[in-house]
Amino acid sequence: MATLLTVSVGLPKDVDWRGRTVHTGVWKQPVDGPVMLRRLNLDGDGQGDLGGHGGEQRAVLVYQQDSYRYWAKVLGRDDLLPGQFGENFTVDGLPDDEVCVGDRYRVGGAVVEVTQPRVTCYRVGMRMNEPQMAALMVAHHRPGFYLRVITEGLVQAGDEIVKLSTGPEAMTVAELDALLYLPGHSRADAARALRIPALSPGWQASMRGLLDQADGQEGNAGLETAAAPPAWAGFRPLTVTALDEETRDVFSLHLAAADGSPLPAALPGQFLTLRLPGPGGPLVRSYSLSGTPGDATYRISVKQEPHGAAGTYLRANARPGLVVEVAAPRGTFTLESGDGPVLLLSAGIGATPVLAMLHALVASQPDRAVWWVHGARDGSEHVFAAESRELLAGLPHAHVHICYSRPAPQDRPDRDFTSAGRITADVLRGLGLPPDTSAYLCGPTEFMQDVTAELGALGLDAGRVHSELFGAQAGLTPGIAAAQARPPHAPEGAPGTGPAVSFVRSGLTVPWSPAYGSLLEFAEACDVPVRWSCRTGVCHTCVSGLLSGQVAYAPEPVEEPGDGNLLICCSEPTTELALDL
Ligand SMILES: Cc1cc2nc3c(=O)[nH]c(=O)nc-3n(C[C@H](O)[C@H](O)[C@H](O)COP(=O)(O)OP(=O)(O)OC[C@H]3O[C@@H](n4cnc5c(N)ncnc54)[C@H](O)[C@@H]3O)c2cc1C
Ligand code: FES
């Protein structure tokens with residue numbers, strides 16, 4: 001019979017951590033006497049970051065006394081007190097390798113159900129003063145688990161924990177945790193996990209990712225977006241074969257292999273990265289492919305920004321015969337398979353990746369319903385106007401809406417453009433999009449935020465709305481209090497003497513310094529937006545594109561990311577690097 005040894009609660013508080021403020025509920029204190037367990041929390045308990053903890057599926061965190069004994073021995077610690085792992089219930093019994101997801105238990109006056117293993121993050125490392133704790137809990141198969149509350153009721157230390165039923169498939173917490181995080185993911189087991197209705201929606205999505213992972217594909221499709229490995233490593237020379245003038249400030253370059261052999265096919269929506277000579281060192285910039293996916297050559301279309309370094313270089317130097325260094329097509333903003341309706345929505349130069357998707361639809365799925373929505377200032381800035389018109393004419397189920405924010409006198413309503421003004425909520429509502437539409441958006445950041453919100457209001461599932469940003473992605477820093485964002489910059493203090501690290505989306509190249517513990521810490525010192533959670537090589541939240549170069553891992557990640565990617569939280573450069581950050 002298992003027993004509830006301690007009930008611990010704690011409300012979130014602000015904690016100083018490496019010069020930043022973390023809002024966290026990981027500090028729990030034991031309470032005497034009965035405590036009411038409700039659907040979302042024990043009375044007096046709370047979580048600081050509801051994105052990663054808490055909510056109905058993660059109302060109660062459970063950890064075992066036996067694991068306390070284990071860690072005391074492994075870590076050589078004699079100071080571990082109940083609640084130390086951030087748990088609410090410290091229990092005798094209920095080991096992770098016996099408790100199954102979907103098991104139901106009566107505890108005091110409450111009935112609870114196991115929903116998922118604990119997802120470890122850096123905060124357990126903070127609380128334990130052991131930065132690698134998140135990885136250790138996974139590697140040693142002792143994560144602990146979460147409960148959902150089926151019947152609310154009073155609970156208190158000393159209550160017996162009575163098992164009422166076993167979850168279907170009888171998959172233990174330790175088994176599921178290893179299935180997601182450790183190498184060697186079995187598709188059959190992922191399918192088993194998906195037959196457990198109690199498994200939380202987040203874990204179900206990860207299991208679907210594992211189930212869909214292609215044979216031989218490296219990386220962890222349960223934790224990172226699956227993508228085929230890049231067609232070549234680093235940069236290779238390609239030759240400019242032709243130039244097209246698209247509008248006053250946009251021109252296209254056609255690129256071919258030096259020996260004329262066909263270039264590897266890219267997926268519609270992917271981008272190339274060019275390394276160009278610049279006055280203060282190389283300029284590394286990405287450009288979406290705008291031509292027909294599968295052509296023997298590539299086409300990119302460049303907008304020359306006023307004072308833009310790479311655009312100005314290409315405008316001045318690009319002519320047939322120029323050789324440029326190019327990294328292989330990459331990116332996960334790609335047209336998904338399926339035959340449902342598609343919305344391709346762009347503003348300005350953001351048309352490039354969705355134009356490649358339009359080419360792909362015309363070539364292989366002309367019967368699909370397609371909405372092409374584009375915003376430009378006027379006819380003189382309307383990129384690919386003739387090309388897109390011709391392509392759309394080849395799609396019998398195409399719908400078109402072109403917005404000119406400031407039409408010129410010679411622009412013809414209903415022929416050149418559909419409505420004057422920007423792409424507004426009214427324009428989107430007027431499209432009559434079916435709710436199962438998959439949307440692909442590319443344009444300025446604010447524009448995409450507004451459009452994404454509006455598409456959600458129109459009933460489109462967030463999972464069907466994909467977007468590409470022509471700059472740094474939004475960061476993800478769980479629990480860190482918001483601070484004024486600074487544009488990316490070289491780190492404070494004397495410059496490092498290590499290899500050059502290019503943060504390509506941020507347009508910053510700086511020499512590495514071993515004073516930083518990882519590329520993540522280095523990026524943070526440069527205010528380059530980054531995404532992370534465990535900071536110790538387990539969760540793959542920090543996975544980033546490695547465009548060129550090599551890194552060494554310390555500590556070794558629990559599982560390496562897919563080819564062409566790296567985990568920045570536990571790596572440092574061994575050569576010059578170009579990162580898609
Ligand atoms: C995945 C991805 C795909 C992309 N696809 C495309 C694409 O298809 N086509 C495309 O054109 N771009 C694309 N981009 C953007 C592209 O990579 C470059 O960031 C962009 O073209 C600007 O590069 P630049 O070197 O010309 O300008 P930068 O030198 O990087 O300058 C950036 C901005 O700062 C301004 N600026 C620079 N110096 C000054 C100064 N002294 N005074 C005032 N302002 C200044 C410039 O006007 C410009 O707006 C993409 C980016 C990503 C990440
Ligand atoms: S932040 Fe979790 S693997 Fe890097």
# chains A, B, ... in the order shown; residues from 1 in each chain; ligands from 1
call {"tool": "closest_atom_pairs", "arguments": {"of": "chain A", "to": "ligand 1", "cutoff": "8 Å", "atoms": "only C-alpha atoms and all ligand atoms", "output": "CSV"}}
result
residue,atom,partner,partner_atom_place_in_ligand_line,distance
A:Val250,CA,ligand 1,11 (O),7.2
A:Gln270,CA,ligand 1,1 (C),7.6
A:Phe271,CA,ligand 1,3 (C),5.7
A:Leu272,CA,ligand 1,3 (C),7.7
A:Thr273,CA,ligand 1,17 (O),7.8
A:Leu283,CA,ligand 1,25 (O),6.9
A:Val284,CA,ligand 1,17 (O),7.9
A:Arg285,CA,ligand 1,17 (O),4.2
A:Ser286,CA,ligand 1,17 (O),3.9
A:Tyr287,CA,ligand 1,5 (N),3.4
A:Ser288,CA,ligand 1,8 (O),4.0
A:Leu289,CA,ligand 1,8 (O),6.5
A:Ser290,CA,ligand 1,8 (O),7.0
A:Ile300,CA,ligand 1,8 (O),6.2
A:Ser301,CA,ligand 1,9 (N),5.2
A:Val302,CA,ligand 1,11 (O),3.6
A:Lys303,CA,ligand 1,11 (O),3.7
A:Gln304,CA,ligand 1,26 (O),5.9
A:Glu305,CA,ligand 1,47 (O),4.4
A:Pro306,CA,ligand 1,47 (O),4.2
A:His307,CA,ligand 1,38 (N),4.6
A:Gly308,CA,ligand 1,27 (O),3.2
A:Ala309,CA,ligand 1,29 (O),3.8
A:Ala310,CA,ligand 1,25 (O),3.5
A:Gly311,CA,ligand 1,26 (O),3.7
A:Thr312,CA,ligand 1,26 (O),6.2
A:Tyr313,CA,ligand 1,26 (O),8.0
A:Gly331,CA,ligand 1,1 (C),7.2
A:Ile349,CA,ligand 1,9 (N),5.8
A:Gly350,CA,ligand 1,8 (O),6.6
A:Ala351,CA,ligand 1,8 (O),7.7
A:Thr352,CA,ligand 1,8 (O),5.0
A:Pro353,CA,ligand 1,8 (O),6.8
A:Glu468,CA,ligand 1,1 (C),6.6
A:Leu469,CA,ligand 1,53 (C),6.2
A:Phe470,CA,ligand 1,51 (C),3.5
A:Gly471,CA,ligand 1,53 (C),4.4
A:Ala472,CA,ligand 1,53 (C),6.6
A:Val504,CA,ligand 1,53 (C),7.3
A:Arg505,CA,ligand 1,53 (C),4.8
A:Ser506,CA,ligand 1,19 (O),7.9
A:Gly507,CA,ligand 1,30 (O),5.6
A:Asp580,CA,ligand 1,53 (C),7.5
call {"tool": "closest_atom_pairs", "arguments": {"of": "chain A", "to": "ligand 2", "cutoff": "8 Å", "atoms": "only C-alpha atoms and all ligand atoms", "output": "CSV"}}
result
residue,atom,partner,partner_atom_place_in_ligand_line,distance
A:Cys121,CA,ligand 2,2 (Fe),7.4
A:Arg531,CA,ligand 2,1 (S),7.2
A:Trp532,CA,ligand 2,1 (S),3.9
A:Ser533,CA,ligand 2,1 (S),4.4
A:Cys534,CA,ligand 2,2 (Fe),3.9
A:Arg535,CA,ligand 2,1 (S),3.8
A:Thr536,CA,ligand 2,2 (Fe),5.6
A:Gly537,CA,ligand 2,3 (S),3.5
A:Val538,CA,ligand 2,3 (S),4.4
A:Cys539,CA,ligand 2,2 (Fe),3.9
A:His540,CA,ligand 2,3 (S),3.8
A:Thr541,CA,ligand 2,2 (Fe),5.0
A:Cys542,CA,ligand 2,4 (Fe),4.3
A:Val543,CA,ligand 2,4 (Fe),6.5
A:Pro557,CA,ligand 2,3 (S),7.1
A:Leu567,CA,ligand 2,4 (Fe),5.3
A:Ile568,CA,ligand 2,4 (Fe),6.1
A:Cys569,CA,ligand 2,4 (Fe),4.4
A:Cys570,CA,ligand 2,4 (Fe),6.6
call {"tool": "write_last_selection", "arguments": {"atoms": "C-alpha atoms", "output": "PDB file, in the first residue's frame"}}
result
ATOM      1  CA  CYS A 121      13.204  22.052 -16.811  1.00  0.00           C
ATOM      2  CA  ARG A 531      14.390  29.382 -27.037  1.00  0.00           C
ATOM      3  CA  TRP A 532      15.189  27.016 -24.183  1.00  0.00           C
ATOM      4  CA  SER A 533      13.769  25.128 -21.227  1.00  0.00           C
ATOM      5  CA  CYS A 534      16.016  22.508 -19.566  1.00  0.00           C
ATOM      6  CA  ARG A 535      19.406  24.111 -20.464  1.00  0.00           C
ATOM      7  CA  THR A 536      21.044  20.735 -20.168  1.00  0.00           C
ATOM      8  CA  GLY A 537      20.402  18.741 -23.342  1.00  0.00           C
ATOM      9  CA  VAL A 538      17.104  16.932 -22.712  1.00  0.00           C
ATOM     10  CA  CYS A 539      14.104  18.847 -24.017  1.00  0.00           C
ATOM     11  CA  HIS A 540      15.337  19.974 -27.491  1.00  0.00           C
ATOM     12  CA  THR A 541      13.561  23.331 -27.035  1.00  0.00           C
ATOM     13  CA  CYS A 542      16.849  25.053 -27.921  1.00  0.00           C
ATOM     14  CA  VAL A 543      17.296  23.144 -31.188  1.00  0.00           C
ATOM     15  CA  PRO A 557      22.812  15.654 -24.871  1.00  0.00           C
ATOM     16  CA  LEU A 567      21.367  22.057 -29.256  1.00  0.00           C
ATOM     17  CA  ILE A 568      22.815  25.402 -28.213  1.00  0.00           C
ATOM     18  CA  CYS A 569      22.367  24.880 -24.447  1.00  0.00           C
ATOM     19  CA  CYS A 570      25.115  22.272 -24.167  1.00  0.00           C
TER      20      CYS A 570
END
call {"tool": "residues_around", "arguments": {"residues": "Val91 of chain A", "least_positions_apart": "3", "cutoff": "12 Å", "atoms": "only C-alpha atoms", "output": "ChimeraX atom specification"}}
result
/A:1-8,61-68,82-83,87-88,94-96,107,144-145,156-161
call {"tool": "write_last_selection", "arguments": {"atoms": "N, CA and C atoms", "output": "mmCIF file, in the first residue's frame"}}
result
data_model
loop_
_atom_site.group_PDB
_atom_site.id
_atom_site.type_symbol
_atom_site.label_atom_id
_atom_site.label_comp_id
_atom_site.auth_asym_id
_atom_site.auth_seq_id
_atom_site.Cartn_x
_atom_site.Cartn_y
_atom_site.Cartn_z
ATOM 1 N N MET A 1 0.847 -1.207 0.000
ATOM 2 C CA MET A 1 0.000 0.000 0.000
ATOM 3 C C MET A 1 0.883 1.259 0.000
ATOM 4 N N ALA A 2 0.620 2.182 -0.937
ATOM 5 C CA ALA A 2 1.409 3.422 -0.972
ATOM 6 C C ALA A 2 0.832 4.432 0.032
ATOM 7 N N THR A 3 1.673 5.326 0.467
ATOM 8 C CA THR A 3 1.249 6.316 1.470
ATOM 9 C C THR A 3 1.688 7.717 1.044
ATOM 10 N N LEU A 4 0.812 8.665 1.329
ATOM 11 C CA LEU A 4 1.157 10.075 1.106
ATOM 12 C C LEU A 4 1.944 10.541 2.334
ATOM 13 N N LEU A 5 3.247 10.811 2.137
ATOM 14 C CA LEU A 5 4.084 11.170 3.284
ATOM 15 C C LEU A 5 3.991 12.659 3.606
ATOM 16 N N THR A 6 4.020 13.472 2.550
ATOM 17 C CA THR A 6 4.027 14.923 2.765
ATOM 18 C C THR A 6 3.198 15.596 1.679
ATOM 19 N N VAL A 7 2.433 16.602 2.073
ATOM 20 C CA VAL A 7 1.742 17.466 1.108
ATOM 21 C C VAL A 7 2.467 18.811 1.149
ATOM 22 N N SER A 8 2.922 19.286 -0.024
ATOM 23 C CA SER A 8 3.662 20.564 -0.043
ATOM 24 C C SER A 8 3.004 21.520 -1.027
ATOM 25 N N LEU A 61 2.035 17.394 -8.715
ATOM 26 C CA LEU A 61 3.304 16.742 -9.070
ATOM 27 C C LEU A 61 3.674 15.766 -7.943
ATOM 28 N N VAL A 62 4.044 14.552 -8.343
ATOM 29 C CA VAL A 62 4.321 13.486 -7.367
ATOM 30 C C VAL A 62 5.780 13.044 -7.478
ATOM 31 N N TYR A 63 6.440 12.847 -6.347
ATOM 32 C CA TYR A 63 7.802 12.300 -6.353
ATOM 33 C C TYR A 63 7.944 11.320 -5.189
ATOM 34 N N GLN A 64 8.828 10.338 -5.394
ATOM 35 C CA GLN A 64 8.885 9.224 -4.440
ATOM 36 C C GLN A 64 10.024 9.391 -3.427
ATOM 37 N N GLN A 65 9.731 8.904 -2.228
ATOM 38 C CA GLN A 65 10.757 8.928 -1.176
ATOM 39 C C GLN A 65 11.967 8.078 -1.595
ATOM 40 N N ASP A 66 11.686 7.000 -2.312
ATOM 41 C CA ASP A 66 12.778 6.133 -2.735
ATOM 42 C C ASP A 66 13.759 6.902 -3.646
ATOM 43 N N SER A 67 13.211 7.806 -4.478
ATOM 44 C CA SER A 67 14.085 8.608 -5.340
ATOM 45 C C SER A 67 14.908 9.598 -4.502
ATOM 46 N N TYR A 68 14.331 10.086 -3.411
ATOM 47 C CA TYR A 68 15.124 10.933 -2.512
ATOM 48 C C TYR A 68 16.344 10.169 -2.024
ATOM 49 N N PRO A 82 11.551 17.216 1.986
ATOM 50 C CA PRO A 82 10.331 17.030 1.202
ATOM 51 C C PRO A 82 9.940 18.317 0.457
ATOM 52 N N GLY A 83 9.554 18.185 -0.795
ATOM 53 C CA GLY A 83 9.203 19.341 -1.628
ATOM 54 C C GLY A 83 10.393 19.840 -2.430
ATOM 55 N N GLU A 87 7.796 18.956 -5.886
ATOM 56 C CA GLU A 87 6.565 18.149 -5.922
ATOM 57 C C GLU A 87 5.571 18.568 -4.840
ATOM 58 N N ASN A 88 4.298 18.217 -5.089
ATOM 59 C CA ASN A 88 3.245 18.465 -4.109
ATOM 60 C C ASN A 88 3.056 17.266 -3.189
ATOM 61 N N LEU A 94 4.593 3.875 -5.145
ATOM 62 C CA LEU A 94 4.314 4.491 -6.461
ATOM 63 C C LEU A 94 5.590 4.773 -7.258
ATOM 64 N N PRO A 95 6.497 3.800 -7.416
ATOM 65 C CA PRO A 95 7.713 4.067 -8.202
ATOM 66 C C PRO A 95 7.392 4.305 -9.678
ATOM 67 N N ASP A 96 8.233 5.111 -10.326
ATOM 68 C CA ASP A 96 8.005 5.481 -11.734
ATOM 69 C C ASP A 96 7.982 4.254 -12.646
ATOM 70 N N VAL A 107 -6.917 9.111 -2.929
ATOM 71 C CA VAL A 107 -6.036 9.675 -1.897
ATOM 72 C C VAL A 107 -6.927 10.493 -0.979
ATOM 73 N N GLY A 144 9.365 11.218 -11.954
ATOM 74 C CA GLY A 144 8.155 11.591 -11.219
ATOM 75 C C GLY A 144 7.028 11.802 -12.220
ATOM 76 N N PHE A 145 5.852 12.144 -11.716
ATOM 77 C CA PHE A 145 4.713 12.240 -12.655
ATOM 78 C C PHE A 145 3.660 13.230 -12.171
ATOM 79 N N GLN A 156 -4.279 14.669 3.139
ATOM 80 C CA GLN A 156 -3.291 15.082 4.150
ATOM 81 C C GLN A 156 -2.227 14.020 4.320
ATOM 82 N N ALA A 157 -1.084 14.462 4.855
ATOM 83 C CA ALA A 157 0.036 13.547 5.098
ATOM 84 C C ALA A 157 -0.471 12.362 5.911
ATOM 85 N N GLY A 158 -0.047 11.173 5.528
ATOM 86 C CA GLY A 158 -0.464 9.958 6.229
ATOM 87 C C GLY A 158 -1.583 9.218 5.513
ATOM 88 N N ASP A 159 -2.255 9.883 4.539
ATOM 89 C CA ASP A 159 -3.338 9.208 3.806
ATOM 90 C C ASP A 159 -2.796 7.993 3.058
ATOM 91 N N GLU A 160 -3.595 6.942 3.051
ATOM 92 C CA GLU A 160 -3.252 5.811 2.200
ATOM 93 C C GLU A 160 -3.586 6.155 0.753
ATOM 94 N N ILE A 161 -2.829 5.578 -0.180
ATOM 95 C CA ILE A 161 -3.104 5.800 -1.606
ATOM 96 C C ILE A 161 -3.566 4.458 -2.169
#
call {"tool": "residues_around", "arguments": {"residues": "Leu577 of chain A", "least_positions_apart": "2", "cutoff": "7 Å", "atoms": "only C-alpha atoms", "output": "compact mmCIF listing (two decimals) with N, CA and C atoms, in the first residue's frame"}}
result
# COMPACT_ATOMS: atom_id res chain seq x y z
N ALA A 500 34.72 32.62 -35.21
CA ALA A 500 33.60 33.54 -35.43
C ALA A 500 32.28 32.77 -35.41
N VAL A 501 31.30 33.34 -34.72
CA VAL A 501 29.96 32.76 -34.67
C VAL A 501 29.01 33.75 -35.33
N SER A 502 28.34 33.30 -36.42
CA SER A 502 27.36 34.17 -37.08
C SER A 502 25.97 33.78 -36.64
N SER A 548 26.50 25.98 -40.90
CA SER A 548 27.84 25.49 -41.20
C SER A 548 28.67 25.48 -39.93
N GLY A 549 29.69 24.61 -39.92
CA GLY A 549 30.59 24.54 -38.78
C GLY A 549 30.31 23.34 -37.90
N GLN A 550 31.15 23.23 -36.85
CA GLN A 550 31.03 22.08 -35.96
C GLN A 550 31.09 22.52 -34.50
N PRO A 573 31.51 26.08 -29.95
CA PRO A 573 32.05 25.88 -31.30
C PRO A 573 33.45 25.28 -31.28
N THR A 575 34.75 25.14 -34.61
CA THR A 575 35.15 25.82 -35.85
C THR A 575 34.29 27.08 -35.96
N LEU A 579 24.80 30.04 -37.57
CA LEU A 579 23.62 29.50 -36.90
C LEU A 579 22.38 30.21 -37.40
call {"tool": "atom_distance", "arguments": {"atom1": "atom CA of Ala481 of chain A", "atom2": "atom CA of His23 of chain A"}}
result
6.5 Å
call {"tool": "residues_around", "arguments": {"residues": "segment 184-194 of chain A", "least_positions_apart": "4", "cutoff": "12 Å", "atoms": "only C-alpha atoms", "output": "mmCIF file with N, CA and C atoms, in the first residue's frame"}}
result
data_model
loop_
_atom_site.group_PDB
_atom_site.id
_atom_site.type_symbol
_atom_site.label_atom_id
_atom_site.label_comp_id
_atom_site.auth_asym_id
_atom_site.auth_seq_id
_atom_site.Cartn_x
_atom_site.Cartn_y
_atom_site.Cartn_z
ATOM 1 N N CYS A 100 1.469 3.432 -13.899
ATOM 2 C CA CYS A 100 1.184 3.553 -15.333
ATOM 3 C C CYS A 100 0.357 4.803 -15.607
ATOM 4 N N VAL A 101 0.615 5.390 -16.783
ATOM 5 C CA VAL A 101 -0.199 6.545 -17.171
ATOM 6 C C VAL A 101 -1.630 6.035 -17.384
ATOM 7 N N GLY A 102 -2.586 6.725 -16.795
ATOM 8 C CA GLY A 102 -3.986 6.282 -16.837
ATOM 9 C C GLY A 102 -4.410 5.586 -15.550
ATOM 10 N N THR A 115 -1.366 11.420 -15.622
ATOM 11 C CA THR A 115 -1.517 11.952 -16.987
ATOM 12 C C THR A 115 -0.233 11.952 -17.814
ATOM 13 N N GLN A 116 0.929 12.049 -17.165
ATOM 14 C CA GLN A 116 2.191 12.137 -17.929
ATOM 15 C C GLN A 116 3.378 12.130 -16.971
ATOM 16 N N GLY A 167 -4.130 1.950 -15.948
ATOM 17 C CA GLY A 167 -4.326 2.585 -17.256
ATOM 18 C C GLY A 167 -4.266 1.561 -18.380
ATOM 19 N N PRO A 168 -5.049 1.793 -19.458
ATOM 20 C CA PRO A 168 -4.984 0.878 -20.591
ATOM 21 C C PRO A 168 -3.555 0.836 -21.138
ATOM 22 N N GLU A 169 -3.114 -0.287 -21.666
ATOM 23 C CA GLU A 169 -1.769 -0.504 -22.218
ATOM 24 C C GLU A 169 -0.714 -0.674 -21.134
ATOM 25 N N ALA A 170 -1.050 -0.386 -19.878
ATOM 26 C CA ALA A 170 -0.123 -0.574 -18.750
ATOM 27 C C ALA A 170 1.283 -0.062 -19.067
ATOM 28 N N MET A 171 1.382 1.178 -19.561
ATOM 29 C CA MET A 171 2.710 1.773 -19.844
ATOM 30 C C MET A 171 3.149 2.577 -18.636
ATOM 31 N N THR A 172 4.320 2.244 -18.109
ATOM 32 C CA THR A 172 4.749 2.931 -16.891
ATOM 33 C C THR A 172 5.273 4.338 -17.220
ATOM 34 N N VAL A 173 5.323 5.137 -16.171
ATOM 35 C CA VAL A 173 5.849 6.503 -16.289
ATOM 36 C C VAL A 173 7.286 6.460 -16.812
ATOM 37 N N GLU A 175 8.738 4.139 -18.545
ATOM 38 C CA GLU A 175 8.763 3.639 -19.926
ATOM 39 C C GLU A 175 8.401 4.773 -20.905
ATOM 40 N N LEU A 176 7.351 5.534 -20.575
ATOM 41 C CA LEU A 176 6.927 6.620 -21.459
ATOM 42 C C LEU A 176 7.968 7.729 -21.532
ATOM 43 N N ASP A 177 8.571 8.023 -20.382
ATOM 44 C CA ASP A 177 9.578 9.077 -20.348
ATOM 45 C C ASP A 177 10.767 8.696 -21.236
ATOM 46 N N ALA A 178 11.197 7.436 -21.115
ATOM 47 C CA ALA A 178 12.327 6.968 -21.926
ATOM 48 C C ALA A 178 11.936 6.938 -23.407
ATOM 49 N N LEU A 179 10.699 6.579 -23.689
ATOM 50 C CA LEU A 179 10.242 6.522 -25.089
ATOM 51 C C LEU A 179 10.386 7.888 -25.755
ATOM 52 N N LEU A 180 10.030 8.944 -25.029
ATOM 53 C CA LEU A 180 10.117 10.276 -25.636
ATOM 54 C C LEU A 180 11.549 10.817 -25.642
ATOM 55 N N ALA A 198 -5.962 8.903 -21.124
ATOM 56 C CA ALA A 198 -5.567 9.833 -20.059
ATOM 57 C C ALA A 198 -4.277 10.574 -20.369
ATOM 58 N N LEU A 199 -3.495 10.112 -21.357
ATOM 59 C CA LEU A 199 -2.220 10.787 -21.664
ATOM 60 C C LEU A 199 -2.510 12.230 -22.074
ATOM 61 N N SER A 200 -1.769 13.174 -21.507
ATOM 62 C CA SER A 200 -2.084 14.595 -21.721
ATOM 63 C C SER A 200 -1.932 14.963 -23.201
ATOM 64 N N PRO A 201 -2.681 15.972 -23.676
ATOM 65 C CA PRO A 201 -2.623 16.340 -25.103
ATOM 66 C C PRO A 201 -1.205 16.663 -25.577
ATOM 67 N N GLY A 202 -0.394 17.310 -24.726
ATOM 68 C CA GLY A 202 0.979 17.646 -25.135
ATOM 69 C C GLY A 202 1.790 16.392 -25.438
ATOM 70 N N TRP A 203 1.676 15.412 -24.571
ATOM 71 C CA TRP A 203 2.410 14.157 -24.792
ATOM 72 C C TRP A 203 1.830 13.392 -25.972
ATOM 73 N N GLN A 204 0.538 13.504 -26.162
ATOM 74 C CA GLN A 204 -0.043 12.821 -27.338
ATOM 75 C C GLN A 204 0.537 13.402 -28.622
ATOM 76 N N ALA A 205 0.710 14.737 -28.660
ATOM 77 C CA ALA A 205 1.289 15.368 -29.861
ATOM 78 C C ALA A 205 2.707 14.846 -30.080
ATOM 79 N N SER A 206 3.483 14.714 -28.991
ATOM 80 C CA SER A 206 4.854 14.195 -29.124
ATOM 81 C C SER A 206 4.833 12.757 -29.640
ATOM 82 N N MET A 207 3.887 11.960 -29.139
ATOM 83 C CA MET A 207 3.808 10.563 -29.593
ATOM 84 C C MET A 207 3.451 10.501 -31.076
ATOM 85 N N ARG A 208 2.577 11.403 -31.515
ATOM 86 C CA ARG A 208 2.239 11.438 -32.950
ATOM 87 C C ARG A 208 3.478 11.780 -33.769
ATOM 88 N N GLY A 209 4.298 12.712 -33.240
ATOM 89 C CA GLY A 209 5.547 13.066 -33.930
ATOM 90 C C GLY A 209 6.438 11.841 -34.084
ATOM 91 N N LEU A 210 6.580 11.054 -33.015
ATOM 92 C CA LEU A 210 7.433 9.851 -33.076
ATOM 93 C C LEU A 210 6.858 8.836 -34.059
ATOM 94 N N LEU A 211 5.536 8.736 -34.043
ATOM 95 C CA LEU A 211 4.886 7.766 -34.932
ATOM 96 C C LEU A 211 5.124 8.133 -36.396
ATOM 97 N N ASP A 212 5.139 9.438 -36.683
ATOM 98 C CA ASP A 212 5.285 9.898 -38.074
ATOM 99 C C ASP A 212 6.743 10.025 -38.498
ATOM 100 N N GLN A 213 7.699 9.798 -37.590
ATOM 101 C CA GLN A 213 9.118 9.992 -37.942
ATOM 102 C C GLN A 213 9.504 9.000 -39.036
ATOM 103 N N ALA A 214 10.076 9.539 -40.110
ATOM 104 C CA ALA A 214 10.436 8.677 -41.247
ATOM 105 C C ALA A 214 11.547 7.714 -40.840
ATOM 106 N N ASP A 215 11.583 6.557 -41.485
ATOM 107 C CA ASP A 215 12.641 5.576 -41.215
ATOM 108 C C ASP A 215 13.997 6.211 -41.470
ATOM 109 N N GLY A 216 14.926 5.994 -40.590
ATOM 110 C CA GLY A 216 16.296 6.470 -40.805
ATOM 111 C C GLY A 216 16.466 7.947 -40.523
ATOM 112 N N GLN A 217 15.360 8.671 -40.240
ATOM 113 C CA GLN A 217 15.496 10.109 -39.985
ATOM 114 C C GLN A 217 16.061 10.341 -38.590
ATOM 115 N N GLU A 218 17.169 11.117 -38.533
ATOM 116 C CA GLU A 218 17.802 11.347 -37.236
ATOM 117 C C GLU A 218 17.024 12.390 -36.449
ATOM 118 N N GLY A 219 17.416 12.551 -35.181
ATOM 119 C CA GLY A 219 16.762 13.542 -34.337
ATOM 120 C C GLY A 219 15.545 12.945 -33.662
ATOM 121 N N ASN A 220 14.852 13.789 -32.912
ATOM 122 C CA ASN A 220 13.720 13.338 -32.125
ATOM 123 C C ASN A 220 12.476 14.078 -32.591
ATOM 124 N N ALA A 221 11.664 13.405 -33.422
ATOM 125 C CA ALA A 221 10.484 14.064 -33.988
ATOM 126 C C ALA A 221 9.389 14.254 -32.950
ATOM 127 N N GLY A 222 9.582 13.697 -31.751
ATOM 128 C CA GLY A 222 8.622 13.963 -30.681
ATOM 129 C C GLY A 222 8.895 15.299 -30.014
ATOM 130 N N LEU A 223 10.109 15.824 -30.196
ATOM 131 C CA LEU A 223 10.500 17.054 -29.506
ATOM 132 C C LEU A 223 10.842 18.191 -30.452
ATOM 133 N N VAL A 558 21.116 14.120 -24.088
ATOM 134 C CA VAL A 558 20.509 12.804 -23.892
ATOM 135 C C VAL A 558 20.312 12.130 -25.257
ATOM 136 N N GLU A 559 19.929 12.911 -26.267
ATOM 137 C CA GLU A 559 19.875 12.407 -27.643
ATOM 138 C C GLU A 559 20.287 13.548 -28.568
ATOM 139 N N GLU A 560 21.120 13.240 -29.577
ATOM 140 C CA GLU A 560 21.564 14.311 -30.494
ATOM 141 C C GLU A 560 20.398 14.785 -31.357
#
call {"tool": "residues_around", "arguments": {"residues": "Ala257 of chain A", "least_positions_apart": "4", "cutoff": "8 Å", "atoms": "only C-alpha atoms", "output": "number ranges by chain"}}
result
A: 237-239, 261-263, 297
call {"tool": "residues_around", "arguments": {"residues": "Lys13 of chain A", "least_positions_apart": "4", "cutoff": "8 Å", "atoms": "only C-alpha atoms", "output": "list in words"}}
result
Val22, His23, Thr24, Gly25 and Gly48 of chain A
call {"tool": "write_last_selection", "arguments": {"atoms": "C-alpha atoms", "output": "tab-separated table (two decimals), in the first residue's frame"}}
result
chain	number	residue	atom	x	y	z
A	22	VAL	CA	12.65	34.07	-12.52
A	23	HIS	CA	9.01	33.88	-11.50
A	24	THR	CA	8.65	30.33	-10.21
A	25	GLY	CA	6.54	28.13	-7.97
A	48	GLY	CA	4.77	30.54	-12.12
